[in-house]
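The file upload_36.txt comes next; it holds compact mmCIF, C-alpha atoms and all ligand atoms.
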```txt
# COMPACT_ATOMS: atom_id res chain seq x y z
CA MET A 68 3.16 -23.54 15.52
CA SER A 69 6.05 -21.15 15.76
CA GLN A 70 9.74 -21.70 15.98
CA GLN A 71 11.62 -19.07 17.90
CA ALA A 72 13.43 -16.66 15.59
CA GLU A 73 17.07 -17.44 16.19
CA THR A 74 18.99 -14.45 14.92
CA LEU A 75 18.72 -12.51 18.17
CA ASP A 76 18.91 -13.49 21.83
CA ILE A 77 15.32 -12.41 22.35
CA GLU A 78 15.06 -13.36 26.00
CA ARG A 79 18.04 -11.22 26.88
CA ILE A 80 16.70 -8.32 24.84
CA ARG A 81 13.21 -8.58 26.32
CA ALA A 82 14.68 -8.33 29.82
CA ASP A 83 15.67 -4.75 28.90
CA PHE A 84 12.03 -3.81 28.21
CA PRO A 85 9.94 -4.20 31.40
CA ILE A 86 6.92 -2.65 29.65
CA LEU A 87 6.59 -5.90 27.67
CA GLU A 88 5.69 -7.70 30.91
CA ARG A 89 2.50 -5.67 31.32
CA GLU A 90 -0.68 -7.67 31.49
CA PHE A 91 -4.23 -6.60 30.72
CA ASP A 92 -6.84 -8.68 32.55
CA GLY A 93 -4.24 -11.37 33.07
CA THR A 94 -3.13 -11.49 29.43
CA GLN A 95 0.38 -10.42 28.58
CA LEU A 96 0.82 -7.54 26.17
CA VAL A 97 1.83 -8.35 22.60
CA TYR A 98 3.20 -5.08 21.28
CA LEU A 99 3.06 -4.97 17.48
CA ASP A 100 2.84 -1.22 16.88
CA ASN A 101 6.52 -0.55 16.48
CA ALA A 102 6.30 1.38 13.22
CA ALA A 103 4.43 4.01 15.24
CA THR A 104 6.75 3.97 18.27
CA THR A 105 9.19 1.43 19.66
CA GLN A 106 9.67 0.71 23.34
CA THR A 107 12.61 2.06 25.31
CA PRO A 108 15.26 -0.23 26.82
CA GLU A 109 16.59 0.16 30.35
CA PRO A 110 20.02 1.53 29.32
CA VAL A 111 18.28 4.40 27.49
CA VAL A 112 15.89 5.02 30.39
CA GLU A 113 18.91 5.03 32.73
CA THR A 114 20.69 7.57 30.52
CA ILE A 115 17.67 9.85 30.76
CA THR A 116 17.46 9.43 34.55
CA GLU A 117 21.18 9.98 34.98
CA TYR A 118 21.03 13.18 32.96
CA TYR A 119 18.31 14.67 35.16
CA ARG A 120 19.88 13.34 38.36
CA LYS A 121 23.44 14.37 37.69
CA TYR A 122 24.07 16.99 35.03
CA ASN A 123 20.87 18.70 33.84
CA ALA A 124 21.84 22.18 32.61
CA ASN A 125 21.45 24.35 29.56
CA VAL A 126 24.09 23.87 26.89
CA HIS A 127 26.52 26.28 25.27
CA ARG A 128 25.57 29.06 27.71
CA GLY A 129 27.29 28.47 31.00
CA ILE A 130 30.89 27.98 31.94
CA HIS A 131 29.86 26.25 35.15
CA GLN A 132 30.68 22.58 35.51
CA LEU A 133 27.15 21.20 34.95
CA SER A 134 26.69 23.18 31.77
CA GLN A 135 30.05 22.02 30.50
CA GLU A 136 29.19 18.39 31.16
CA ALA A 137 25.80 18.72 29.46
CA SER A 138 27.33 20.58 26.51
CA ILE A 139 30.01 17.96 25.93
CA ALA A 140 27.52 15.07 26.16
CA TYR A 141 25.10 16.87 23.84
CA GLU A 142 27.74 17.70 21.24
CA GLU A 143 29.20 14.20 21.37
CA ALA A 144 25.69 12.82 20.81
CA HIS A 145 25.83 14.44 17.36
CA ASP A 146 29.14 12.65 16.68
CA ARG A 147 27.64 9.33 17.74
CA VAL A 148 24.59 9.74 15.49
CA ALA A 149 26.88 10.81 12.60
CA GLU A 150 28.86 7.62 13.06
CA PHE A 151 25.68 5.53 13.23
CA ILE A 152 24.59 6.57 9.73
CA GLY A 153 27.98 7.08 8.11
CA ALA A 154 27.91 10.90 8.06
CA ALA A 155 31.19 12.83 7.96
CA GLY A 156 30.72 14.50 11.34
CA ARG A 157 28.53 16.52 13.70
CA GLU A 158 28.34 19.36 11.15
CA GLU A 159 25.96 17.20 9.12
CA ILE A 160 23.67 16.18 12.00
CA VAL A 161 20.87 18.54 13.08
CA PHE A 162 18.71 17.50 16.01
CA THR A 163 15.03 18.28 15.46
CA LYS A 164 11.79 17.19 17.12
CA ASN A 165 11.01 14.30 14.72
CA THR A 166 11.15 13.22 11.07
CA THR A 167 8.28 15.58 10.27
CA GLU A 168 10.21 18.60 11.53
CA SER A 169 13.29 17.47 9.62
CA VAL A 170 11.33 17.50 6.34
CA ASN A 171 9.80 20.85 7.20
CA LEU A 172 13.22 22.28 7.97
CA VAL A 173 14.45 21.49 4.45
CA ALA A 174 11.15 22.48 2.83
CA TYR A 175 11.18 25.90 4.51
CA ALA A 176 14.92 26.61 4.58
CA TRP A 177 15.67 25.32 1.08
CA GLY A 178 12.32 24.86 -0.71
CA LEU A 179 10.75 28.24 -0.05
CA ASN A 180 13.89 30.00 -1.28
CA GLU A 181 14.85 27.77 -4.18
CA LEU A 182 11.60 26.49 -5.72
CA GLY A 183 9.51 28.42 -8.22
CA PRO A 184 7.16 28.02 -11.19
CA GLY A 185 8.44 25.36 -13.60
CA ASP A 186 10.34 23.52 -10.86
CA GLU A 187 9.28 20.01 -9.91
CA VAL A 188 9.41 17.97 -6.74
CA VAL A 189 9.19 14.24 -7.40
CA LEU A 190 7.69 12.11 -4.65
CA THR A 191 6.26 8.59 -4.58
CA GLU A 192 2.71 7.35 -4.15
CA MET A 193 3.82 5.69 -0.93
CA GLU A 194 5.08 8.81 0.87
CA HIS A 195 4.06 9.38 4.47
CA HIS A 196 2.10 12.62 5.03
CA ALA A 197 5.23 14.01 6.73
CA SER A 198 6.85 14.54 3.35
CA LEU A 199 3.82 14.44 1.05
CA VAL A 200 1.86 17.23 2.74
CA THR A 201 4.98 19.29 3.39
CA TRP A 202 6.24 19.31 -0.21
CA GLN A 203 2.69 19.68 -1.56
CA GLN A 204 2.14 22.84 0.48
CA ILE A 205 5.59 24.31 -0.21
CA ALA A 206 4.96 23.67 -3.91
CA LYS A 207 1.68 25.56 -3.65
CA ARG A 208 3.40 28.52 -2.03
CA THR A 209 6.22 28.64 -4.59
CA GLY A 210 4.37 27.72 -7.78
CA ALA A 211 6.34 24.48 -8.13
CA THR A 212 4.69 21.17 -9.10
CA CYS A 213 4.64 17.83 -7.27
CA LYS A 214 4.78 14.59 -9.25
CA TYR A 215 4.38 11.10 -7.87
CA ILE A 216 6.21 7.94 -8.92
CA PRO A 217 3.46 5.28 -9.16
CA ILE A 218 3.57 1.87 -7.54
CA THR A 219 3.28 -1.45 -9.34
CA ASP A 220 0.61 -4.06 -8.51
CA GLU A 221 3.16 -5.63 -6.14
CA GLY A 222 3.59 -2.36 -4.28
CA ARG A 223 7.05 -1.53 -5.58
CA LEU A 224 8.10 1.71 -7.22
CA ASP A 225 7.70 1.72 -10.98
CA MET A 226 11.30 2.55 -11.81
CA GLU A 227 10.62 3.04 -15.52
CA ALA A 228 8.13 5.73 -14.59
CA ALA A 229 10.69 7.17 -12.16
CA GLU A 230 13.22 7.53 -15.00
CA GLU A 231 10.63 9.47 -16.98
CA LEU A 232 9.33 11.62 -14.13
CA ILE A 233 12.75 12.78 -12.94
CA THR A 234 13.92 15.38 -15.47
CA ASP A 235 16.04 18.51 -15.63
CA ASP A 236 13.04 20.38 -14.16
CA THR A 237 13.28 18.25 -11.01
CA GLU A 238 14.82 20.10 -8.06
CA MET A 239 14.05 17.60 -5.32
CA VAL A 240 13.32 13.86 -5.22
CA SER A 241 11.80 12.97 -1.87
CA VAL A 242 11.45 9.25 -1.28
CA VAL A 243 10.61 7.00 1.63
CA HIS A 244 13.26 4.32 2.21
CA VAL A 245 10.99 1.66 3.74
CA SER A 246 7.25 2.24 3.37
CA ASN A 247 5.39 2.33 6.70
CA THR A 248 2.32 0.82 4.99
CA LEU A 249 3.59 -1.48 2.23
CA GLY A 250 6.85 -2.55 3.85
CA THR A 251 8.49 -1.98 0.46
CA ILE A 252 12.23 -1.41 0.60
CA ASN A 253 12.91 1.22 -2.04
CA PRO A 254 16.08 1.41 -4.17
CA VAL A 255 17.16 4.76 -2.75
CA SER A 256 20.73 4.65 -4.12
CA GLU A 257 19.39 4.10 -7.60
CA LEU A 258 16.94 6.97 -7.20
CA ALA A 259 19.70 9.21 -5.84
CA ALA A 260 21.82 8.43 -8.90
CA ILE A 261 18.93 9.30 -11.25
CA ALA A 262 18.24 12.50 -9.29
CA HIS A 263 21.90 13.54 -9.40
CA ASP A 264 22.07 12.91 -13.15
CA HIS A 265 19.51 15.72 -13.41
CA ASP A 266 21.20 17.97 -10.82
CA SER A 267 18.37 17.37 -8.37
CA TYR A 268 18.73 16.82 -4.63
CA VAL A 269 17.41 13.68 -3.00
CA PHE A 270 15.73 13.58 0.40
CA VAL A 271 15.42 10.14 2.00
CA ASP A 272 12.71 9.59 4.61
CA ALA A 273 14.46 6.95 6.67
CA ALA A 274 11.99 6.88 9.58
CA GLN A 275 11.32 3.17 8.95
CA SER A 276 14.82 2.11 7.91
CA VAL A 277 17.42 3.64 10.25
CA PRO A 278 15.80 1.79 13.21
CA ASN A 279 16.12 -1.68 11.72
CA ARG A 280 18.87 -2.00 9.09
CA PRO A 281 22.31 -0.61 8.36
CA VAL A 282 21.86 2.78 6.67
CA ASP A 283 24.87 4.63 5.29
CA VAL A 284 24.22 8.12 3.94
CA ALA A 285 27.44 8.11 1.92
CA GLU A 286 26.61 4.78 0.28
CA ILE A 287 23.13 6.05 -0.64
CA ASP A 288 24.61 9.42 -1.62
CA ALA A 289 21.62 11.11 0.04
CA ASP A 290 21.67 14.89 0.13
CA PHE A 291 19.26 14.85 3.07
CA LEU A 292 18.00 12.02 5.25
CA ALA A 293 15.63 12.08 8.21
CA PHE A 294 14.53 9.79 11.03
CA SER A 295 12.98 9.80 14.52
CA GLY A 296 14.41 8.70 17.86
CA HIS A 297 11.15 7.21 19.12
CA LYS A 298 11.10 4.57 16.38
CA MET A 299 14.57 3.25 17.24
CA ALA A 300 14.54 2.52 20.98
CA GLY A 301 15.18 6.18 21.75
CA PRO A 302 12.97 8.79 23.41
CA THR A 303 10.20 10.87 21.89
CA GLY A 304 10.90 14.51 21.14
CA ILE A 305 13.98 13.99 19.01
CA GLY A 306 14.46 13.57 15.29
CA VAL A 307 17.49 13.88 13.08
CA LEU A 308 18.13 15.74 9.88
CA TYR A 309 21.25 14.65 8.04
CA GLY A 310 22.38 17.05 5.32
CA LYS A 311 25.55 17.22 3.25
CA GLU A 312 27.74 19.87 4.84
CA HIS A 313 28.08 22.11 1.79
CA ILE A 314 24.30 22.13 1.27
CA LEU A 315 23.51 22.91 4.92
CA GLU A 316 26.18 25.59 4.77
CA GLY A 317 24.47 27.27 1.82
CA MET A 318 20.93 27.24 3.23
CA GLU A 319 19.24 29.90 5.32
CA PRO A 320 18.14 28.94 8.85
CA TYR A 321 14.59 27.71 9.43
CA LEU A 322 14.15 29.02 12.98
CA TYR A 323 15.69 32.20 14.34
CA GLY A 324 16.65 33.05 17.92
CA GLY A 325 19.24 32.21 20.52
CA GLU A 326 21.92 29.52 20.10
CA MET A 327 21.83 29.70 16.32
CA ILE A 328 23.71 33.01 16.11
CA LEU A 329 27.36 34.04 16.29
CA LYS A 330 26.95 37.81 16.43
CA VAL A 331 23.87 40.02 16.70
CA THR A 332 23.51 43.77 16.28
CA PHE A 333 20.32 45.86 16.05
CA GLU A 334 20.73 45.81 12.29
CA ASP A 335 21.70 42.22 11.46
CA SER A 336 22.87 38.81 12.67
CA LYS A 337 25.51 36.27 11.72
CA TRP A 338 24.75 32.58 11.94
CA ASN A 339 26.48 30.10 14.17
CA GLU A 340 28.52 27.25 12.69
CA LEU A 341 26.94 23.93 11.72
CA PRO A 342 24.92 22.22 13.06
CA TRP A 343 23.97 24.83 15.69
CA LYS A 344 22.80 27.25 12.98
CA TYR A 345 19.72 25.02 12.66
CA GLU A 346 19.14 24.38 16.38
CA ALA A 347 17.56 27.63 17.60
CA GLY A 348 16.71 28.01 21.29
CA THR A 349 17.36 25.49 24.03
CA PRO A 350 17.76 22.25 22.10
CA VAL A 351 16.67 18.66 22.82
CA ILE A 352 19.53 18.05 25.24
CA CYS A 353 18.45 15.00 27.20
CA GLN A 354 16.74 13.43 24.19
CA GLY A 355 19.88 13.85 22.08
CA ILE A 356 22.08 12.21 24.68
CA ALA A 357 19.56 9.38 25.06
CA LEU A 358 19.38 8.90 21.28
CA ALA A 359 23.15 8.40 21.21
CA LYS A 360 22.68 5.69 23.85
CA ALA A 361 19.99 4.06 21.69
CA CYS A 362 22.54 3.95 18.84
CA ASP A 363 24.97 2.15 21.18
CA TYR A 364 22.24 -0.26 22.22
CA LEU A 365 21.26 -1.13 18.65
CA ASP A 366 24.86 -1.42 17.46
CA GLU A 367 25.56 -3.87 20.26
CA ILE A 368 22.80 -6.10 18.93
CA GLY A 369 24.02 -5.46 15.38
CA MET A 370 22.03 -3.72 12.66
CA GLU A 371 22.45 -6.64 10.25
CA ASN A 372 21.05 -9.00 12.89
CA ILE A 373 18.10 -6.68 13.48
CA GLU A 374 17.40 -6.52 9.75
CA GLN A 375 17.51 -10.31 9.51
CA HIS A 376 15.24 -10.76 12.54
CA GLU A 377 12.63 -8.33 11.20
CA SER A 378 12.74 -9.92 7.81
CA GLU A 379 12.11 -13.38 9.34
CA LEU A 380 9.18 -12.07 11.37
CA ALA A 381 7.67 -10.26 8.37
CA GLU A 382 7.86 -13.37 6.21
CA TYR A 383 6.35 -15.53 8.96
CA ALA A 384 3.50 -13.06 9.54
CA TYR A 385 2.88 -12.72 5.81
CA ASP A 386 2.68 -16.48 5.31
CA ARG A 387 0.42 -17.09 8.29
CA LEU A 388 -1.90 -14.18 7.52
CA THR A 389 -2.39 -15.17 3.89
CA ALA A 390 -2.81 -18.92 4.61
CA GLU A 391 -6.63 -18.76 4.91
CA GLY A 392 -7.08 -16.82 1.68
CA ASP A 393 -9.35 -14.14 3.15
CA VAL A 394 -6.66 -11.67 4.18
CA GLU A 395 -5.15 -9.17 1.79
CA VAL A 396 -1.64 -8.12 2.75
CA TYR A 397 -0.51 -4.95 0.96
CA GLY A 398 2.93 -4.66 -0.56
CA PRO A 399 5.63 -7.03 -1.84
CA PRO A 400 5.88 -10.75 -1.03
CA GLY A 401 6.79 -11.96 2.43
CA ASP A 402 10.46 -12.61 1.69
CA ASP A 403 11.21 -9.09 0.47
CA ARG A 404 9.88 -6.49 2.87
CA GLY A 405 10.62 -4.49 5.98
CA GLY A 406 9.32 -5.66 9.35
CA LEU A 407 5.66 -4.83 9.01
CA VAL A 408 2.46 -6.11 7.44
CA ALA A 409 -0.56 -3.95 6.66
CA PHE A 410 -3.62 -6.00 5.83
CA ASN A 411 -7.37 -6.30 5.68
CA LEU A 412 -9.49 -9.26 6.70
CA GLU A 413 -12.43 -9.68 4.34
CA SER A 414 -15.63 -8.10 5.69
CA VAL A 415 -14.08 -6.88 8.96
CA HIS A 416 -13.22 -3.20 9.21
CA ALA A 417 -9.64 -2.57 10.32
CA HIS A 418 -10.83 -0.62 13.37
CA ASP A 419 -13.09 -3.49 14.48
CA LEU A 420 -10.24 -5.90 13.99
CA SER A 421 -7.89 -3.74 16.03
CA SER A 422 -10.47 -3.53 18.79
CA ILE A 423 -10.92 -7.33 18.88
CA LEU A 424 -7.15 -7.78 18.94
CA ASN A 425 -6.96 -5.33 21.83
CA ASP A 426 -9.27 -7.66 23.79
CA SER A 427 -6.46 -10.23 23.50
CA ALA A 428 -3.86 -7.62 24.54
CA VAL A 429 -2.47 -7.56 20.99
CA ALA A 430 -1.55 -3.97 20.11
CA ILE A 431 -1.61 -3.17 16.40
CA ARG A 432 -2.53 -0.04 14.50
CA ALA A 433 -5.59 0.51 12.35
CA GLY A 434 -6.27 3.42 10.04
CA ASP A 435 -4.52 5.09 7.13
CA HIS A 436 -1.08 5.19 8.79
CA CYS A 437 -0.63 8.75 7.52
CA THR A 438 -0.67 7.51 3.92
CA GLN A 439 -4.17 8.49 2.75
CA PRO A 440 -3.31 8.94 -0.95
CA LEU A 441 -1.62 5.53 -0.94
CA HIS A 442 -4.74 3.98 0.58
CA ASP A 443 -6.74 5.60 -2.26
CA VAL A 444 -4.43 3.81 -4.70
CA LEU A 445 -4.91 0.54 -2.78
CA GLY A 446 -8.67 1.05 -2.94
CA THR A 447 -9.31 0.96 0.79
CA ALA A 448 -9.82 3.67 3.40
CA ALA A 449 -7.99 1.86 6.15
CA SER A 450 -5.88 -1.15 6.97
CA ALA A 451 -4.71 -3.01 10.05
CA ARG A 452 -0.96 -3.05 10.56
CA ALA A 453 1.30 -5.23 12.67
CA SER A 454 4.88 -4.01 12.90
CA PHE A 455 7.82 -5.70 14.59
CA TYR A 456 10.99 -4.88 16.45
CA ILE A 457 13.96 -6.49 18.16
CA TYR A 458 11.93 -7.96 21.04
CA ASN A 459 9.10 -9.55 19.03
CA THR A 460 8.86 -13.31 18.51
CA LYS A 461 7.10 -15.73 16.20
CA ALA A 462 5.10 -16.88 19.23
CA GLU A 463 3.70 -13.34 19.44
CA ILE A 464 2.76 -13.49 15.77
CA ASP A 465 0.92 -16.73 16.59
CA LYS A 466 -1.07 -14.75 19.16
CA LEU A 467 -1.86 -12.17 16.50
CA ILE A 468 -3.09 -14.96 14.21
CA GLU A 469 -5.24 -16.47 16.99
CA ALA A 470 -6.84 -13.10 17.60
CA VAL A 471 -7.46 -12.66 13.86
CA ASP A 472 -9.13 -16.09 13.96
CA ASP A 473 -11.37 -14.84 16.78
CA ALA A 474 -12.39 -11.90 14.61
CA ARG A 475 -12.99 -14.17 11.64
CA GLN A 476 -15.36 -16.31 13.72
CA LEU A 477 -17.10 -13.36 15.30
CA PHE A 478 -17.92 -11.83 11.91
CA ALA A 479 -18.58 -15.11 10.07
N1 LIG B 501 7.96 8.94 7.65
C1 LIG B 501 7.60 7.65 7.82
C2 LIG B 501 7.95 6.64 6.77
C3 LIG B 501 6.92 7.28 8.98
O1 LIG B 501 6.56 6.01 9.14
C4 LIG B 501 6.62 8.26 9.95
C5 LIG B 501 5.83 7.94 11.18
C6 LIG B 501 7.04 9.57 9.73
C7 LIG B 501 7.69 9.88 8.55
C8 LIG B 501 6.79 10.66 10.71
O2 LIG B 501 7.53 10.44 11.88
P1 LIG B 501 7.32 11.41 13.11
O3 LIG B 501 8.26 10.88 14.15
O4 LIG B 501 7.68 12.76 12.65
O5 LIG B 501 5.90 11.28 13.51
N2 LIG B 501 4.96 6.88 11.01
C9 LIG B 501 4.01 6.48 11.86
C10 LIG B 501 3.24 5.35 11.62
O6 LIG B 501 3.38 4.61 10.67
N3 LIG B 501 2.38 5.20 12.63
O7 LIG B 501 2.53 6.22 13.49
C11 LIG B 501 3.54 7.01 13.02
```

Step by step, read the file and then write its structure as structure tokens.
Amino acid sequence: MSQQAETLDIERIRADFPILEREFDGTQLVYLDNAATTQTPEPVVETITEYYRKYNANVHRGIHQLSQEASIAYEEAHDRVAEFIGAAGREEIVFTKNTTESVNLVAYAWGLNELGPGDEVVLTEMEHHASLVTWQQIAKRTGATCKYIPITDEGRLDMEAAEELITDDTEMVSVVHVSNTLGTINPVSELAAIAHDHDSYVFVDAAQSVPNRPVDVAEIDADFLAFSGHKMAGPTGIGVLYGKEHILEGMEPYLYGGEMILKVTFEDSKWNELPWKYEAGTPVICQGIALAKACDYLDEIGMENIEQHESELAEYAYDRLTAEGDVEVYGPPGDDRGGLVAFNLESVHAHDLSSILNDSAVAIRAGDHCTQPLHDVLGTAASARASFYIYNTKAEIDKLIEAVDDARQLFA
């Protein structure tokens, strides 16, 4: 049924991911849960091993050789990530634990101080809980109001409504770049321009875009942008917050303690320079260095190629899933979406479907994907979701379809 996607040299890429060779009861794993977490290629695993074997030490504290080596590698990792997303330099790159912590950093450091009654935060109906819950709760604490840009029947943002919702009362527009449920690719530059016309900041949740397409913070004109290492062939435990230098400079720190200070007396403290001002305590040293390696790995494949590959897989999956007429795929048409499909098979609960697929070693995700309010809008409590990455093939999507057929027959 399938033709091999041709944009990438899949066989060569798959050789870097031994986990993909795992078998369950003699059936080879088909890993289609990449929007949750991607697998880690050998060069990144080797970087992690090498760090612990050769130069594990705390950074910025010691003048001994190991500490110097670790410090240089850790600092240069910020430069590499800056380059990867078109930031001006390491001053604009804060290493956090994940996307969620990056949103919380801005919400606490900027939102708690700057928001108040009468101020508005504009979000979208398709926000992940990471930003939705965070801004909702900060709004409650400050007396600000959250407003949500609605989605159209096709699962795109209603841009006319956006123009109306973003006003001079708006202080922050927080928008997901690629929806982890709908696969919608949002016009973030356009939204940034509207936000800036009203002197509002824009925060881009790029957790599902930085891993699989070229993202340039300057081109978007994002004030803040966040993503996670574990969704882009990097390790868990590291996220990134990009912020424009002058904005980060003007904000108060989110966490206090060691590393983030320049001078401390019993009475007061002065903050360290950027980005260290926002990296209190022993930071994510190994994870940061490994994330930089993941950037190298992805750039070698080429971000445009990755985008093209994911787009081909998404379209193929969309077409095959909808062929029988009893599957609802949420979001825009197959030829205009990020590399994922969330869907429901008539009369089979998403969790049952996921469990049947697991019997065929096909790993997908079922549930609300941390977008409960969006699922309310879609009129369903849960959906099944297959999400793709650089090592997935059309033949694997065929296996997904076969397993969906099994479920169809079982529940017929
Ligand atoms: N924003 C988006 C758009 C996401 O998809 C996710 C994670 C996050 C934020 C939070 O990232 P974290 O690294 O802080 O957890 N999304 C998913 C998902 O779709 N399935 O599992 C995690």

Mind dumping a table of every range 246-318 of chain A residue within 12 Å of range 327-341 of chain A, with the nearest atom pair and its distance in Å to one decimal, using only C-alpha atoms, sorted by chain and rising number, as a tab-separated table?
```
residue	atom	partner	partner_atom	distance
A:Tyr309	CA	A:Leu341	CA	11.5
A:Gly310	CA	A:Leu341	CA	10.4
A:Lys311	CA	A:Leu341	CA	10.9
A:Glu312	CA	A:Leu341	CA	8.0
A:His313	CA	A:Leu341	CA	10.2
A:Ile314	CA	A:Leu341	CA	10.9
A:Leu315	CA	A:Leu341	CA	7.7
A:Glu316	CA	A:Leu341	CA	7.2
A:Gly317	CA	A:Leu341	CA	10.7
A:Met318	CA	A:Trp338	CA	10.9
```

Export of prior selection with C-alpha atoms as a PDB file, in the frame of the given file:
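Everything below was put into result22.pdb:
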```
ATOM      1  CA  TYR A 309      21.250  14.650   8.040  1.00  0.00           C
ATOM      2  CA  GLY A 310      22.380  17.050   5.320  1.00  0.00           C
ATOM      3  CA  LYS A 311      25.550  17.220   3.250  1.00  0.00           C
ATOM      4  CA  GLU A 312      27.740  19.870   4.840  1.00  0.00           C
ATOM      5  CA  HIS A 313      28.080  22.110   1.790  1.00  0.00           C
ATOM      6  CA  ILE A 314      24.300  22.130   1.270  1.00  0.00           C
ATOM      7  CA  LEU A 315      23.510  22.910   4.920  1.00  0.00           C
ATOM      8  CA  GLU A 316      26.180  25.590   4.770  1.00  0.00           C
ATOM      9  CA  GLY A 317      24.470  27.270   1.820  1.00  0.00           C
ATOM     10  CA  MET A 318      20.930  27.240   3.230  1.00  0.00           C
TER      11      MET A 318
END
```

Contacts of Asp363 in chain A at 12 Å (all atoms listed in the file; same-chain gap of 3+ positions) as a short mmCIF file (atom, residue, chain, number, x, y, z; two decimals) with C-alpha atoms, keeping the file's coordinate frame:
```cif
data_model
loop_
_atom_site.label_atom_id
_atom_site.label_comp_id
_atom_site.auth_asym_id
_atom_site.auth_seq_id
_atom_site.Cartn_x
_atom_site.Cartn_y
_atom_site.Cartn_z
CA PRO A 108 15.26 -0.23 26.82
CA PRO A 110 20.02 1.53 29.32
CA VAL A 111 18.28 4.40 27.49
CA THR A 114 20.69 7.57 30.52
CA ALA A 144 25.69 12.82 20.81
CA ARG A 147 27.64 9.33 17.74
CA VAL A 148 24.59 9.74 15.49
CA GLU A 150 28.86 7.62 13.06
CA PHE A 151 25.68 5.53 13.23
CA MET A 299 14.57 3.25 17.24
CA ALA A 300 14.54 2.52 20.98
CA GLY A 301 15.18 6.18 21.75
CA ILE A 356 22.08 12.21 24.68
CA ALA A 357 19.56 9.38 25.06
CA LEU A 358 19.38 8.90 21.28
CA ALA A 359 23.15 8.40 21.21
CA LYS A 360 22.68 5.69 23.85
CA ASP A 366 24.86 -1.42 17.46
CA GLU A 367 25.56 -3.87 20.26
CA ILE A 368 22.80 -6.10 18.93
CA GLY A 369 24.02 -5.46 15.38
CA MET A 370 22.03 -3.72 12.66
#
```

request  = Would you please work out which residue, of A:Gly296, A:Gly355, A:Gly406, A:Gly325, is nearest to ligand LIG 501 (chain B) when using only C-alpha atoms and all ligand atoms?
outcome  = A:Gly296

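Between ligand LIG 501 (chain B) and the residues A:Tyr141, A:Phe270, A:Tyr385, A:Trp343, the shortest atom-to-atom distance, using all atoms listed in the file, involves A:Phe270.
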
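Distance check against Lys164 in chain A using all atoms listed in the file: of A:Ala451, A:Cys353, A:Leu424, A:Val307, the minimum falls on A:Val307.
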
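Among the candidates A:Ile233, A:Ala470, A:Leu407, A:Val240, the one nearest to His376 in chain A when counting only C-alpha atoms is A:Leu407.
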
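Listed by chain and then residue number, the contacts of ligand LIG 501 (chain B) are Ala102, Ala103, Thr104, Asn165, Thr166, Thr167, Glu168, Glu194, His195, Ala197, Val243, Val245, Ser246, Asn247, Thr248, Asp272, Ala273, Ala274, Gln275, Ser295, His297, Gly306, His436 and Cys437 of chain A (distance at most 7 Å, using all atoms listed in the file).
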
ask   = For Ser427 in chain A, which residue among A:Leu467, A:Ala448, A:Val255, A:Ile373 is the nearest when counting only C-alpha atoms?
value = A:Leu467

Anything within 7 Å of (9.3, 27.2, -1.3): list those residues as a PDB file with C-alpha atoms, in the frame of the given file, counting all atoms listed in the file and sticking to the file's coordinates.
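Below is the file that was written, selection-v9.pdb:
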```
ATOM      1  CA  ALA A 174      11.150  22.480   2.830  1.00  0.00           C
ATOM      2  CA  TYR A 175      11.180  25.900   4.510  1.00  0.00           C
ATOM      3  CA  GLY A 178      12.320  24.860  -0.710  1.00  0.00           C
ATOM      4  CA  LEU A 179      10.750  28.240  -0.050  1.00  0.00           C
ATOM      5  CA  ASN A 180      13.890  30.000  -1.280  1.00  0.00           C
ATOM      6  CA  GLU A 181      14.850  27.770  -4.180  1.00  0.00           C
ATOM      7  CA  LEU A 182      11.600  26.490  -5.720  1.00  0.00           C
ATOM      8  CA  ILE A 205       5.590  24.310  -0.210  1.00  0.00           C
ATOM      9  CA  ALA A 206       4.960  23.670  -3.910  1.00  0.00           C
ATOM     10  CA  ARG A 208       3.400  28.520  -2.030  1.00  0.00           C
ATOM     11  CA  THR A 209       6.220  28.640  -4.590  1.00  0.00           C
TER      12      THR A 209
END
```

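Of the listed residues (A:Pro342, A:Ala479, A:Val471, A:Asn425), A:Asn425 comes nearest to Glu90 in chain A; the distances count only C-alpha atoms.
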
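Put simply, CA of Thr212 in chain A is 12.2 Å away from CA of Leu199 in chain A.
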
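Summary of the local environment: counting all atoms listed in the file, residues at most 7 Å from Glu109 in chain A, other than itself and those fewer than 2 positions away along its chain, are A:Asp83, A:Phe84, A:Thr107, A:Val111, A:Val112, A:Glu113.
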
inquiry  = Taking (3.3, -0.4, 0.8) in the coordinates of the supplied file, I want to know which residues reach to within 8 Å of it, counting all atoms listed in the file; could you give the answer as number ranges by chain?
reply    = A: 193, 222-223, 246-251, 397-399, 409, 441

request  = May I ask for the distance between CA of Tyr215 in chain A and CA of Leu232 in chain A, given in Å to one decimal place?
outcome  = 8.0 Å

inquiry  = Using only C-alpha atoms, which protein or nucleic acid residues come within 8 Å of range 278-284 of chain A? Drop anything in the same chain fewer than 5 positions from it, and give the result as an NGL selection string.
reply    = :A and (152-154 or 289 or 292 or 298-300 or 370-371 or 373-374 or 377 or 456)
